[in-house]
Structure formats: structure tokens, C-alpha cells
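Undergrad: The structure file work34.txt (compact mmCIF, C-alpha atoms and all ligand atoms) is provided below.
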# COMPACT_ATOMS: atom_id res chain seq x y z
CA MET A 315 117.74 177.50 95.96
CA GLY A 316 114.50 178.19 94.07
CA LYS A 317 115.00 174.94 92.13
CA ASP A 318 115.46 172.81 95.26
CA ILE A 319 112.37 174.31 96.83
CA LYS A 320 110.26 173.32 93.84
CA LYS A 321 111.76 169.82 93.84
CA TRP A 322 111.27 169.28 97.59
CA ASP A 323 107.80 170.78 97.45
CA LYS A 324 106.79 168.25 94.79
CA GLU A 325 108.33 165.46 96.83
CA TYR A 326 107.10 166.32 100.32
CA ILE A 327 104.07 168.61 100.16
CA ALA A 328 100.67 167.04 99.49
CA HIS A 329 99.63 167.85 95.94
CA THR A 330 96.49 169.79 96.78
CA TYR A 331 97.69 172.98 95.08
CA ASN A 332 98.60 173.27 91.42
CA ARG A 333 101.12 176.04 92.05
CA PHE A 334 102.20 178.73 89.62
CA ASP A 335 105.90 178.68 88.69
CA LEU A 336 106.92 181.22 91.29
CA VAL A 337 109.05 180.83 94.43
CA LEU A 338 108.73 183.91 96.62
CA LYS A 339 111.41 185.04 99.01
CA GLU A 340 110.72 188.46 100.50
CA GLY A 341 108.36 191.36 100.16
CA LYS A 342 107.49 194.89 101.17
CA ASN A 343 104.01 196.38 100.74
CA ALA A 344 102.72 195.17 97.33
CA THR A 345 106.13 194.28 95.93
CA VAL A 346 107.61 190.82 96.30
CA LYS A 347 110.86 189.23 95.07
CA ASP A 348 111.69 185.71 93.97
CA PHE A 349 115.00 183.93 94.67
CA ASP A 350 116.62 185.49 91.59
CA GLY A 351 115.81 188.96 92.88
CA LYS A 352 113.13 189.54 90.24
CA GLU A 353 110.39 191.88 91.45
CA TYR A 354 106.66 191.40 91.11
CA VAL A 355 103.76 193.71 91.92
CA ASP A 356 101.39 191.56 93.94
CA PHE A 357 97.66 192.17 93.37
CA THR A 358 96.67 189.13 95.46
CA SER A 359 97.84 189.79 99.05
CA GLY A 360 97.93 186.02 99.48
CA ILE A 361 94.21 185.83 98.65
CA GLY A 362 93.20 188.89 100.61
CA VAL A 363 95.30 188.13 103.68
CA ASN A 364 98.14 190.67 103.67
CA SER A 365 95.74 193.58 104.08
CA LEU A 366 98.61 195.92 104.99
CA GLY A 367 100.95 194.37 102.42
CA TYR A 368 104.11 192.37 102.99
CA CYS A 369 105.84 193.02 106.32
CA ASN A 370 104.19 196.30 107.28
CA SER A 371 106.60 197.81 109.80
CA LYS A 372 104.04 198.59 112.56
CA TRP A 373 102.55 195.13 112.16
CA SER A 374 105.87 193.27 112.25
CA LYS A 375 107.03 195.33 115.23
CA ALA A 376 103.84 194.50 117.15
CA ILE A 377 104.06 190.76 116.49
CA SER A 378 107.81 190.64 117.22
CA GLU A 379 107.31 192.41 120.53
CA GLN A 380 104.42 190.12 121.40
CA ALA A 381 106.52 187.07 120.45
CA ASN A 382 109.10 188.23 122.97
CA THR A 383 106.50 188.86 125.67
CA LEU A 384 103.83 186.15 125.68
CA ASN A 385 103.59 183.81 122.68
CA HIS A 386 100.62 181.67 123.63
CA VAL A 387 98.25 181.26 126.54
CA SER A 388 95.49 178.77 126.92
CA ASN A 389 91.97 180.10 126.61
CA LEU A 390 91.56 178.97 130.23
CA TYR A 391 93.28 182.23 131.23
CA TYR A 392 92.88 185.89 130.34
CA SER A 393 95.31 187.75 128.10
CA GLU A 394 95.39 191.25 126.63
CA PRO A 395 95.64 191.21 122.78
CA ASP A 396 92.49 189.16 122.10
CA VAL A 397 90.41 191.19 124.53
CA LEU A 398 91.54 194.47 122.97
CA LEU A 399 90.80 193.12 119.50
CA ALA A 400 87.30 191.92 120.45
CA LYS A 401 86.59 195.30 122.08
CA LYS A 402 87.65 197.15 118.92
CA LEU A 403 85.59 194.90 116.66
CA CYS A 404 82.48 195.43 118.79
CA GLU A 405 82.98 199.17 119.24
CA ARG A 406 83.24 199.68 115.49
CA THR A 407 80.17 197.57 114.67
CA HIS A 408 76.82 196.69 116.26
CA PHE A 409 78.17 193.36 117.52
CA LYS A 410 78.30 192.45 121.19
CA LYS A 411 80.61 189.47 121.44
CA VAL A 412 83.40 187.77 119.51
CA PHE A 413 84.66 184.19 119.36
CA PHE A 414 88.17 183.81 117.92
CA ALA A 415 89.12 180.87 115.70
CA ASN A 416 92.03 180.28 113.33
CA SER A 417 90.68 180.37 109.78
CA GLY A 418 87.74 181.30 107.62
CA ALA A 419 86.29 177.81 107.58
CA GLU A 420 86.48 177.63 111.36
CA ALA A 421 84.85 181.04 111.71
CA ASN A 422 82.00 179.78 109.53
CA GLU A 423 81.76 176.57 111.58
CA GLY A 424 81.38 178.77 114.64
CA ALA A 425 78.77 180.95 112.96
CA ILE A 426 76.78 177.86 111.94
CA LYS A 427 76.98 176.46 115.46
CA VAL A 428 75.73 179.75 116.98
CA ALA A 429 72.75 179.85 114.60
CA ARG A 430 71.83 176.21 115.22
CA LYS A 431 72.16 176.47 118.98
CA TYR A 432 70.07 179.66 119.08
CA SER A 433 67.34 177.79 117.26
CA HIS A 434 67.77 174.64 119.33
CA ASP A 435 67.50 176.61 122.59
CA LYS A 436 64.40 178.53 121.52
CA TYR A 437 62.48 176.17 119.21
CA GLN A 438 62.13 172.46 118.57
CA LYS A 439 65.32 170.62 117.82
CA ASP A 440 64.64 169.96 114.13
CA ARG A 441 64.71 173.66 113.20
CA TYR A 442 68.25 173.47 111.86
CA GLU A 443 68.24 174.14 108.11
CA ILE A 444 70.53 176.81 106.71
CA ILE A 445 69.92 178.37 103.31
CA THR A 446 73.08 179.29 101.43
CA LEU A 447 73.52 180.52 97.86
CA VAL A 448 74.34 178.66 94.70
CA ASN A 449 77.94 179.47 93.68
CA SER A 450 78.94 180.42 97.22
CA PHE A 451 82.16 179.43 98.96
CA HIS A 452 82.32 178.90 102.72
CA GLY A 453 85.36 176.69 103.34
CA ARG A 454 86.89 173.21 103.21
CA THR A 455 85.77 171.42 106.36
CA ILE A 456 83.07 168.80 105.87
CA THR A 457 80.38 171.17 107.17
CA THR A 458 81.53 174.29 105.32
CA LEU A 459 81.85 172.26 102.11
CA SER A 460 78.23 171.33 102.70
CA ALA A 461 77.41 175.02 103.13
CA THR A 462 79.21 175.79 99.87
CA GLY A 463 76.61 175.89 97.07
CA GLN A 464 78.75 174.35 94.31
CA ASP A 465 78.39 170.70 93.24
CA VAL A 466 82.12 170.41 92.42
CA PHE A 467 82.82 170.55 96.15
CA HIS A 468 80.31 167.83 97.02
CA LYS A 469 82.39 164.86 95.93
CA TYR A 470 84.53 162.12 97.53
CA PHE A 471 84.03 163.00 101.19
CA THR A 472 80.51 161.70 101.82
CA PRO A 473 78.58 161.74 104.03
CA PHE A 474 78.49 165.55 104.23
CA THR A 475 76.78 167.47 107.03
CA GLU A 476 73.03 167.59 106.51
CA GLY A 477 70.79 170.60 106.70
CA PHE A 478 72.00 172.94 103.95
CA VAL A 479 69.67 174.12 101.21
CA TYR A 480 70.83 176.16 98.21
CA ALA A 481 68.99 179.10 96.68
CA LYS A 482 69.89 181.27 93.72
CA ALA A 483 71.71 184.54 94.41
CA ASN A 484 69.65 187.67 93.77
CA ASP A 485 66.50 185.55 93.40
CA LEU A 486 64.23 186.46 96.31
CA GLU A 487 61.45 184.09 95.21
CA ASP A 488 63.84 181.16 95.24
CA VAL A 489 65.06 181.96 98.76
CA LEU A 490 61.50 182.46 100.01
CA SER A 491 60.41 179.14 98.50
CA LYS A 492 63.11 177.40 100.54
CA ILE A 493 62.25 178.97 103.89
CA ASN A 494 60.05 176.71 106.03
CA GLU A 495 59.52 175.75 109.68
CA LYS A 496 62.90 173.99 109.67
CA THR A 497 64.90 177.07 108.62
CA CYS A 498 67.20 178.50 111.29
CA ALA A 499 69.54 180.68 109.23
CA VAL A 500 70.41 182.20 105.89
CA MET A 501 74.11 182.54 105.11
CA MET A 502 75.77 184.46 102.27
CA GLU A 503 78.75 186.48 101.07
CA MET A 504 77.88 190.06 100.09
CA VAL A 505 80.26 189.67 97.16
CA GLN A 506 80.84 186.07 96.11
CA GLY A 507 84.61 185.78 95.97
CA GLU A 508 85.70 182.34 94.81
CA GLY A 509 82.42 182.17 92.88
CA GLY A 510 83.62 184.91 90.51
CA VAL A 511 83.54 188.31 92.29
CA ILE A 512 79.77 188.70 92.03
CA SER A 513 78.05 191.37 94.16
CA LEU A 514 74.61 190.73 95.54
CA ASP A 515 71.86 193.25 94.74
CA LYS A 516 71.07 195.63 97.57
CA ASP A 517 67.31 195.06 97.19
CA PHE A 518 67.78 191.31 97.47
CA VAL A 519 69.97 191.56 100.58
CA GLN A 520 67.59 193.99 102.28
CA ALA A 521 64.56 191.83 101.48
CA ILE A 522 66.30 188.77 102.96
CA ASP A 523 67.21 190.79 106.03
CA LYS A 524 63.55 191.77 106.50
CA VAL A 525 62.25 188.21 106.13
CA CYS A 526 64.87 186.93 108.56
CA LYS A 527 63.82 189.49 111.18
CA GLU A 528 60.12 188.64 110.73
CA LYS A 529 60.69 184.90 111.10
CA ASP A 530 63.46 184.97 113.72
CA ILE A 531 65.87 183.41 111.23
CA MET A 532 69.54 184.24 111.79
CA PHE A 533 71.19 186.23 109.01
CA ILE A 534 74.82 185.10 108.75
CA VAL A 535 77.14 187.10 106.53
CA ASP A 536 80.39 185.39 105.52
CA GLU A 537 82.86 188.29 105.49
CA VAL A 538 85.95 186.07 105.39
CA GLN A 539 87.02 187.64 102.09
CA THR A 540 84.92 190.82 101.92
CA GLY A 541 85.63 192.17 105.42
CA ILE A 542 88.33 194.32 107.05
CA GLY A 543 88.31 197.20 104.58
CA ARG A 544 88.40 195.04 101.46
CA CYS A 545 85.13 196.42 100.07
CA GLY A 546 85.78 200.03 101.06
CA THR A 547 84.00 199.75 104.42
CA LEU A 548 85.15 197.88 107.52
CA PHE A 549 82.63 195.15 106.64
CA ALA A 550 80.92 194.75 103.27
CA TYR A 551 77.41 194.48 104.79
CA GLU A 552 77.64 198.20 105.60
CA ASN A 553 77.26 198.87 101.84
CA PHE A 554 73.87 197.14 102.00
CA ASP A 555 72.54 199.03 105.06
CA ILE A 556 71.82 195.90 107.04
CA LYS A 557 72.86 194.68 110.48
CA PRO A 558 73.38 190.92 110.29
CA ASP A 559 73.00 188.72 113.37
CA ILE A 560 76.25 186.85 112.86
CA VAL A 561 79.35 187.69 110.81
CA SER A 562 82.42 185.57 110.15
CA SER A 563 85.76 187.26 109.51
CA ALA A 564 89.22 185.90 108.74
CA LYS A 565 91.57 186.48 105.78
CA GLY A 566 92.51 190.18 106.06
CA LEU A 567 91.98 190.43 109.82
CA GLY A 568 95.36 189.05 110.87
CA GLY A 569 97.36 190.94 108.25
CA GLY A 570 99.24 187.73 107.43
CA LEU A 571 98.75 185.47 110.44
CA PRO A 572 95.99 182.86 110.81
CA ILE A 573 92.86 184.08 112.55
CA GLY A 574 89.11 183.71 112.30
CA ALA A 575 86.38 185.51 114.20
CA VAL A 576 82.66 185.02 114.79
CA LEU A 577 80.87 188.28 115.56
CA MET A 578 77.56 187.97 117.39
CA ASN A 579 74.84 190.59 117.89
CA GLU A 580 72.56 191.08 120.91
CA THR A 581 70.23 188.26 119.82
CA VAL A 582 72.91 185.60 119.93
CA GLU A 583 75.64 187.03 122.17
CA ASN A 584 74.82 184.60 124.98
CA VAL A 585 74.11 181.52 122.90
CA PHE A 586 77.53 180.02 123.58
CA ASN A 587 77.96 179.02 127.20
CA PHE A 588 80.96 177.51 128.97
CA GLY A 589 82.07 174.43 127.07
CA ASP A 590 79.77 174.90 124.06
CA HIS A 591 82.61 175.76 121.71
CA GLY A 592 86.37 176.14 121.88
CA THR A 593 89.76 175.99 120.20
CA THR A 594 93.34 175.69 121.43
CA PHE A 595 94.89 178.39 119.26
CA GLY A 596 91.99 180.84 118.86
CA GLY A 597 92.81 184.34 120.12
CA ASN A 598 96.56 183.69 120.06
CA PRO A 599 98.37 186.76 121.49
CA ILE A 600 100.83 187.17 118.60
CA VAL A 601 98.14 186.86 115.95
CA CYS A 602 95.86 189.26 117.82
CA ALA A 603 98.69 191.77 118.35
CA GLY A 604 99.03 191.87 114.55
CA ALA A 605 95.27 192.10 114.04
CA ASN A 606 95.10 195.03 116.47
CA VAL A 607 97.51 196.94 114.21
CA VAL A 608 95.38 196.04 111.17
CA LEU A 609 92.21 197.40 112.80
CA ASP A 610 93.95 200.52 114.15
CA THR A 611 95.27 201.25 110.66
CA ILE A 612 91.94 200.82 108.88
CA ASP A 613 90.24 204.02 110.05
CA ASP A 614 87.87 206.26 108.06
CA LYS A 615 90.70 208.16 106.39
CA PHE A 616 92.33 204.90 105.32
CA LEU A 617 89.01 203.60 103.95
CA LYS A 618 88.61 206.77 101.87
CA GLU A 619 91.97 205.97 100.28
CA VAL A 620 90.85 202.40 99.61
CA ASN A 621 87.81 203.74 97.76
CA LYS A 622 89.93 206.19 95.77
CA LYS A 623 92.32 203.42 94.74
CA SER A 624 89.37 201.23 93.82
CA GLU A 625 87.97 203.87 91.50
CA TYR A 626 91.37 204.59 89.97
CA ILE A 627 92.10 200.91 89.29
CA ARG A 628 88.60 200.19 87.95
CA ASN A 629 88.67 203.16 85.57
CA LYS A 630 92.04 202.10 84.20
CA ILE A 631 91.00 198.47 83.71
CA LYS A 632 87.76 199.45 81.95
CA THR A 633 89.74 200.99 79.10
CA MET A 634 91.86 197.86 78.48
CA LYS A 635 91.54 195.56 75.48
CA HIS A 636 89.34 192.43 75.89
CA VAL A 637 87.70 193.79 79.07
CA ILE A 638 83.91 193.40 79.09
CA ASP A 639 83.09 194.24 82.68
CA VAL A 640 84.69 195.10 86.03
CA SER A 641 82.86 193.67 89.06
CA GLY A 642 83.01 193.61 92.86
CA LEU A 643 83.33 196.27 95.52
CA GLY A 644 86.29 198.32 96.76
CA LEU A 645 89.57 196.50 96.26
CA MET A 646 87.84 193.21 95.56
CA ILE A 647 87.87 193.41 91.79
CA GLY A 648 86.82 190.95 89.07
CA ILE A 649 87.64 191.43 85.39
CA GLU A 650 85.39 189.75 82.88
CA LEU A 651 87.21 189.17 79.61
CA ASP A 652 85.84 188.44 76.16
CA GLU A 653 85.99 184.95 74.64
CA LYS A 654 89.23 185.60 72.77
CA VAL A 655 91.29 185.39 75.95
CA ASN A 656 91.53 183.03 78.90
CA ALA A 657 91.95 184.43 82.43
CA LYS A 658 94.44 181.78 83.59
CA ASP A 659 96.67 182.36 80.52
CA ILE A 660 96.62 186.09 81.16
CA VAL A 661 97.64 185.54 84.78
CA VAL A 662 100.54 183.26 83.75
CA LYS A 663 101.78 185.84 81.24
CA CYS A 664 101.53 188.66 83.78
CA ILE A 665 103.64 186.66 86.24
CA GLU A 666 106.35 186.28 83.59
CA LYS A 667 106.36 190.06 83.18
CA GLY A 668 106.30 190.84 86.92
CA ALA A 669 102.72 191.22 88.15
CA ILE A 670 100.70 188.68 90.12
CA PHE A 671 96.93 188.38 89.76
CA LEU A 672 94.37 185.76 90.78
CA THR A 673 91.54 184.17 88.89
CA ALA A 674 88.00 183.49 90.06
CA LYS A 675 86.09 181.16 87.74
CA THR A 676 86.49 182.79 84.30
CA LYS A 677 87.57 186.18 85.64
CA VAL A 678 90.89 187.75 86.50
CA ARG A 679 90.66 188.74 90.15
CA LEU A 680 92.45 191.49 92.06
CA LEU A 681 92.75 191.55 95.85
CA PRO A 682 95.70 193.91 96.29
CA PRO A 683 96.93 194.91 99.72
CA LEU A 684 94.81 197.86 100.86
CA THR A 685 98.06 199.82 101.24
CA ILE A 686 99.19 199.35 97.62
CA SER A 687 100.91 202.55 96.42
CA GLU A 688 100.09 204.52 93.29
CA ASP A 689 103.45 203.54 91.81
CA GLU A 690 102.79 199.88 92.43
CA ILE A 691 99.30 200.18 90.93
CA ASN A 692 100.63 201.88 87.81
CA LYS A 693 103.50 199.45 87.38
CA GLY A 694 101.28 196.37 87.78
CA LEU A 695 98.40 197.61 85.62
CA LYS A 696 100.84 198.56 82.86
CA ILE A 697 101.91 194.92 82.72
CA LEU A 698 98.28 193.75 82.62
CA GLU A 699 97.53 196.26 79.86
CA GLU A 700 100.53 195.12 77.80
CA VAL A 701 99.61 191.46 78.16
CA LEU A 702 95.99 192.11 77.14
CA GLU A 703 97.13 194.35 74.29
CA SER A 704 99.37 191.62 72.88
CA GLU A 705 96.56 189.03 72.77
C1 LIG B 1 88.60 181.87 101.91
C2 LIG B 1 87.19 181.81 102.29
C3 LIG B 1 86.74 180.90 103.27
C4 LIG B 1 87.65 179.87 103.89
O1 LIG B 1 88.67 180.43 104.64
P1 LIG B 1 89.92 179.51 105.09
O2 LIG B 1 90.74 180.43 105.95
O3 LIG B 1 90.61 179.07 103.84
O4 LIG B 1 89.36 178.38 105.85
C5 LIG B 1 85.42 180.97 103.65
N1 LIG B 1 84.57 181.86 103.11
C6 LIG B 1 84.96 182.74 102.16
C7 LIG B 1 83.99 183.72 101.62
C8 LIG B 1 86.28 182.74 101.71
O5 LIG B 1 86.67 183.59 100.76
Mind converting the file's structure to C-alpha cells?
Ligand SMILES: *Cc1c(COP(=O)(O)O)cnc(C)c1O

TA:
Amino acid sequence: MGKDIKKWDKEYIAHTYNRFDLVLKEGKNATVKDFDGKEYVDFTSGIGVNSLGYCNSKWSKAISEQANTLNHVSNLYYSEPDVLLAKKLCERTHFKKVFFANSGAEANEGAIKVARKYSHDKYQKDRYEIITLVNSFHGRTITTLSATGQDVFHKYFTPFTEGFVYAKANDLEDVLSKINEKTCAVMMEMVQGEGGVISLDKDFVQAIDKVCKEKDIMFIVDEVQTGIGRCGTLFAYENFDIKPDIVSSAKGLGGGLPIGAVLMNETVENVFNFGDHGTTFGGNPIVCAGANVVLDTIDDKFLKEVNKKSEYIRNKIKTMKHVIDVSGLGLMIGIELDEKVNAKDIVVKCIEKGAIFLTAKTKVRLLPPLTISEDEINKGLKILEEVLESE
């Protein structure tokens, strides 16, 4: 069966992903099996999506029940799961309103539209520029590729959306030099994920926040990867003691189903009016039923555990051969290796031995399910240690 899947995949699926040699069949928490029954400890959660692991029982019960009750309703009518989810998100943050989309890129599209419309409503219409950071990642639509501050993504698909300006991360002077009368927003990840698990400096983030407030520039934080407990707090911006105007959320929010969310504070909560924005699938009842379980699970006690696991994993990794540095926040972990080893090779070798890791640029990256058990951690890190030791 595994063989046919690979063959048919090559034949029928567009070749946008250079897949690892791994066909996955079933999983529970951070452990997943292939078609031969071989087990792997999964430190990826499907790139930060399965926040509660594979097939969490409360989560799968909630979505099954919802699938048997009301699978989809148009956004022209009211339904319960999305409203409850929006209420929870607002009650646990300073945000006032939520718009639901279906992915990270779409959440960022929404965030960008809110910031531009706020500026359009209040100022002249050519105040539309958005400053993003070099090495950022914001998605794959034409506009979010534009927002992404990496030249490798600015190929083939021209013309890209105008109005994005790139500044260097942790370089306040560079950001300030790019702010002018056209600037409507600044957008950034608190920890650059795809860019290599690089945390921003607290001083830098706070200084940007202050400038934004002074100049009525919207501060957008892309929490698609960092949010929903990943960094040891519900949202990563909490670690920086700021209150952004707009936050995008996605990956971990649905616990394994597609969702995106735009969170808006009191400044922008009424920017979107009837007809200004929309989506057919956004706020889907089944997806939101799952997301409600994710949010209910991630309480303060749970977040304490996330931070404990983070410390435990980081301390173990620091002692391993070839490791130069361990970066990121919470369970968003980057491992910088010395020049003798290559991150991708290490990941391939770990898969052969039964542990799955990601890479991010030249680093090995860990985004384990927040519920990963101590046994799973020990089993997986032992494999990583052995592979590094043998290099
Ligand atoms: C993954 C990611 C996105 C894009 O999300 P999709 O669901 O793939 O569209 C955007 N921003 C950040 C920070 C991400 O990590």
C-alpha cells in the first residue's frame, strides 16, 4: 500500500513538495505509524498544526459530534461553534472582534486588509505601505508573498502586490528610516519560524510598538506559527509585553483542521463593515468545534507544562554533539549545528531511526505537539542524540 501511494502521489499530485520518504497511516499524541507499522516520534505536529497531537480524544469526539449535527452553514446565518470560539479568543486577550478564515495566508490577507482600510478610512488613500521584516514568512498568496521579506519568494509570479517595504529584524534604525507618511502598518512574527527560528529582541519589539502608537500605525503580529500555546503563552506577543492592534492566527488553532483568524483590537474592531470581507468556509462549525477544544485545553496549568517541557528539551539538546545554539521560545525550538553536519541530513537519518524533525534554513527545527509526553520526548531525543553522536 505504501508503495502505491508514493507512485500515485508522484503521478497525480502537483510536485510542489519534495517529500521525505515516509508514508504515514495513523497516530496518537506524538507517535505516528507508517504502513509497515513502524513507529515514529513526531516533533513536527504537521508544522505546528496538531497542537494536541494526533487524534486527541476530546478533539476527535467534538468534531465527530459536530459532523453529525451541523457540518456547514453559510456565513449568512448564525451558528454556535464560531461564536463561542471568537468569544473565548477575545475574553483571553485584549481583542474585541474576530474574523475567521481558513489558513495562515488568508488570516494575514485579512490582517493586511484591516490595516489598509483603517488607514484609508481615516487618512488619504495613498497611506498604504506596510513594513515587514527581512527573512520573514507570511504565506503563499500573491499578497502574502509580497509581505514575505525573502527574495527567493519574489520570483515567477509578477506582478506582486505593491506597498511592502522590508526592514532588518532587531534593527530599530532601519525600521524607523522606512516609516514615512505612506506607512499604515508594521507586520512581524515575534519568532521568525520559516526564517530559522529567530526570536526578536524585546527592546526592539517594544520600541516598534511605541512608534506605532505615536504615529497611528497598525502593529500586526503574525502569530500563525507562534500562537496558541506554542511559545509558552497563549500568544507569543505576551512575552514581549505589548498589545498589538491586529493578530493573525492559524496553524495550531484548529488542532488539525484548517482555520485562520484575524484578531482586532478596539482601534480596528469596526473597520470591516458588511460586505468588506468574506469567505465561504471561514468559521466552519466542525473546524471551530475542534478549535474550541484546543482553546479549552490550553489553560494556565497546561501552559506551565509547555514551559517545563521546553526547558527540559532545550537542556537536553544543549549537551548534544555538534550543537552550537538552541533558539526560539517555548516549544518552537531551533537547533544551530556546527559546520561538520547538515540539518537536512540529520533529519533524514532521524526518520530512518524513528523520529521526525523539521528544518528551518540551516537549523533543525522542533514543533512538537504541546501534549508530547515525557516518554515520547526521551525516546525521540535519544534518536537525535545517537544520530548526532555518530556524525
Ligand atoms: C505557515 C505560516 C503562514 C502561512 O500559513 P498557511 O496556512 O500555510 O497559509 C504564515 N505566516 C507564518 C508565520 C507561518 O508560519

Undergrad: Which chains and residue numbers are within 10 Å of ligand LIG 1 (chain B), counting all atoms listed in the file, if I want them as a ChimeraX atom specification?

TA: /A:361-363,415-423,450-455,458-459,461-462,502-509,535-541,562-566,572-574

Undergrad: Looking at all atoms listed in the file, which of A:Phe533, A:Ala657, A:Ser704, A:His408 is the one that sits closest to A:Phe671?

TA: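 Between A:Phe533, A:Ala657, A:Ser704, A:His408, the residue approaching A:Phe671 most closely is A:Ala657.
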
Undergrad: Could you please give me, as a PyMOL selection string, the residues of protein, DNA or RNA lying at most 8 Å from (108.8, 183.0, 90.0) in the coordinate frame of the file, considering all atoms listed in the file?

TA: chain A and resi 334-338+348-349+352+665-666

Undergrad: For a test of reading the model, state the distance in Å between atom CA of A:Ile493 and atom CA of A:Asp435, rounded to one decimal.

TA: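 Between atom CA of A:Ile493 and atom CA of A:Asp435 the gap works out to 19.6 Å.
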
Undergrad: Looking at all atoms listed in the file, which of A:Phe357, A:Tyr442, A:Tyr470, A:Tyr551 is the one that sits closest to A:Ala429?

TA: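 The shortest atom-to-atom distance to A:Ala429 comes from A:Tyr442.
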
Undergrad: Excluding same-chain residues fewer than 6 positions from A:Val701, what lies within 9 Å of it counting all atoms listed in the file, as a ChimeraX atom specification?

TA: /A:660,663-664,667
